[in-house]
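Peer 1: Please find one structure pasted underneath; my questions will follow.
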Amino acid sequence: MLNNKKVVVVLPAYNAALTLEKTYLEIPVDVVDEVVLVDDCSKDDTVEVARRLGIRHIIRHDANKGYGGNQKSCYNKALELGADIVIMVHPDYQYTPKLITPMCSIIANGVYPAVFGSRILGNGALRGGMPVYKYVFNRMLTLFQNILLGQKLSEYHTGYRAFSAEVLRNIKYMANDDDFVFDNEMISQVFMKGYEIAEVTCPTKYFEEASSINFARSSKYGLGVLRVSVQHRMHKWGLIKAKIY
């Protein structure tokens, strides 16, 4: 626990057998109370590795529900376990779990209700191997989103995120898309509810075993991000009533 707050780590997994152990062994057991792994119908031995590591809470989808659908199961289970703080860590070892303690401490001490690990703060993104086209798209989309949402995040596309249980209970994340745009819909919901998001500098690693979406999927994701940003602004102005808010 941190400041008497129960911390639950959620691992949205898909074909993570080769990297799960490295990720899991870096989780700080002195502050984390529970670990939840949701396997999105992997084609490898992810579930078997999770069992061997002793992960207590394992959920396996019988069919692939997508990245957003995976997160829905993660957050539902974490809240069911009575979490006060929920932190998502990708089990592909692209983000180091060593930042769990400082990220959760910000929430446990009431400084911010949500914290993101940013690859853009500092110079870690390109140095860690982020493809140049993804870096350029990241910067362009983030600028557009900051303008439309009226915020100043360094990036909207990190998968390293910590939330207070209050935030999760007060946004309609179950209404979000089941694909990758889920992440941006969630950020939009958090800001629409008036919550703030803190950021900490996070190194990143791009390597063969780390999950990554291709150019075509990235383009589809980018169009979804633009849609969410415009939707956020129009809802804010009262021109539409979007179902996710």
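Naming scheme: A, B, ... for chains in displayed order of the structure tokens; residues 1 onward per chain; ligands 1 onward as shown.
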Sorted by chain and rising residue number, which residues of range 12-121 of chain A lie within 8 Å of range 168-180 of chain A, and what are their closest atom pairs and distances in Å to one decimal, counting only C-alpha atoms, as a tab-separated table?
Peer 2:
```
residue	atom	partner	partner_atom	distance
A:Lys65	CA	A:Asp178	CA	6.6
A:Gly66	CA	A:Asp179	CA	5.2
A:Tyr67	CA	A:Asp179	CA	5.2
A:Gly68	CA	A:Asp178	CA	4.0
A:Gly69	CA	A:Asp178	CA	4.5
A:Asn70	CA	A:Asp178	CA	7.8
A:Lys72	CA	A:Met174	CA	6.3
A:Tyr75	CA	A:Leu168	CA	7.7
```
Peer 1: Step one, run DSSP on the backbone; step two, keep only residues of range 43-235 of chain A assigned to helix (DSSP H, G or I); then write them as a PyMOL selection string.
Peer 2: chain A and resi 46-53+66-80+97-108+124-127+132-149+165-170+173-175+182-192+215-235
Peer 1: At what distance in Å, to one decimal, does CA of Lys134 in chain A lie from CA of Ile120 in chain A?
Peer 2: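 So the two atoms, CA of Ile120 in chain A and CA of Lys134 in chain A, lie 11.8 Å apart.
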Peer 1: Could you build a table of the residues in range 76-107 of chain A lying no more than 7 Å from range 3-16 of chain A, giving for each the nearest pair of atoms and their separation in Å rounded to one decimal place, using only C-alpha atoms, ordered by chain and ascending residue number, as JSON lines?
Peer 2:
```
{"residue": "A:Ala78", "atom": "CA", "partner": "A:Val8", "partner_atom": "CA", "distance": 6.2}
{"residue": "A:Ala83", "atom": "CA", "partner": "A:Lys6", "partner_atom": "CA", "distance": 5.2}
{"residue": "A:Asp84", "atom": "CA", "partner": "A:Lys6", "partner_atom": "CA", "distance": 5.0}
{"residue": "A:Ile85", "atom": "CA", "partner": "A:Val7", "partner_atom": "CA", "distance": 4.9}
{"residue": "A:Val86", "atom": "CA", "partner": "A:Val8", "partner_atom": "CA", "distance": 5.0}
{"residue": "A:Ile87", "atom": "CA", "partner": "A:Val9", "partner_atom": "CA", "distance": 5.0}
{"residue": "A:Met88", "atom": "CA", "partner": "A:Val10", "partner_atom": "CA", "distance": 4.9}
{"residue": "A:Val89", "atom": "CA", "partner": "A:Leu11", "partner_atom": "CA", "distance": 5.5}
{"residue": "A:His90", "atom": "CA", "partner": "A:Leu11", "partner_atom": "CA", "distance": 5.7}
{"residue": "A:Pro91", "atom": "CA", "partner": "A:Leu11", "partner_atom": "CA", "distance": 5.8}
{"residue": "A:Asp92", "atom": "CA", "partner": "A:Ala16", "partner_atom": "CA", "distance": 5.7}
```
Peer 1: Which is closer to Leu2 in chain A than all the others in A:Leu81, A:Ala108, A:Val190, A:Cys41, using only C-alpha atoms?
Peer 2: A:Ala108
Peer 1: To one decimal place, how far is CA of Arg161 in chain A from CA of Cys202 in chain A in Å?
Peer 2: 11.1 Å
Peer 1: One number please: CA of Met1 in chain A to CA of Val32 in chain A, in Å, one decimal.
Peer 2: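 Result for CA of Met1 in chain A versus CA of Val32 in chain A: 6.2 Å, one decimal.
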Peer 1: What lies within 12 Å of Gly128 in chain A using only C-alpha atoms, ignoring chain neighbours under 6 positions off, as number ranges by chain?
Peer 2: A: 94-95, 119-120, 122, 135, 202-207, 210
Peer 1: Give me, as an NGL selection string, all polymer residues having an atom no more than 12 Å from range 141-149 of chain A, counting only C-alpha atoms and skipping those fewer than 4 positions away in the same chain.
Peer 2: :A and (118 or 120 or 134-137 or 153-158 or 184-185 or 187-192 or 194 or 218-219 or 221-237)
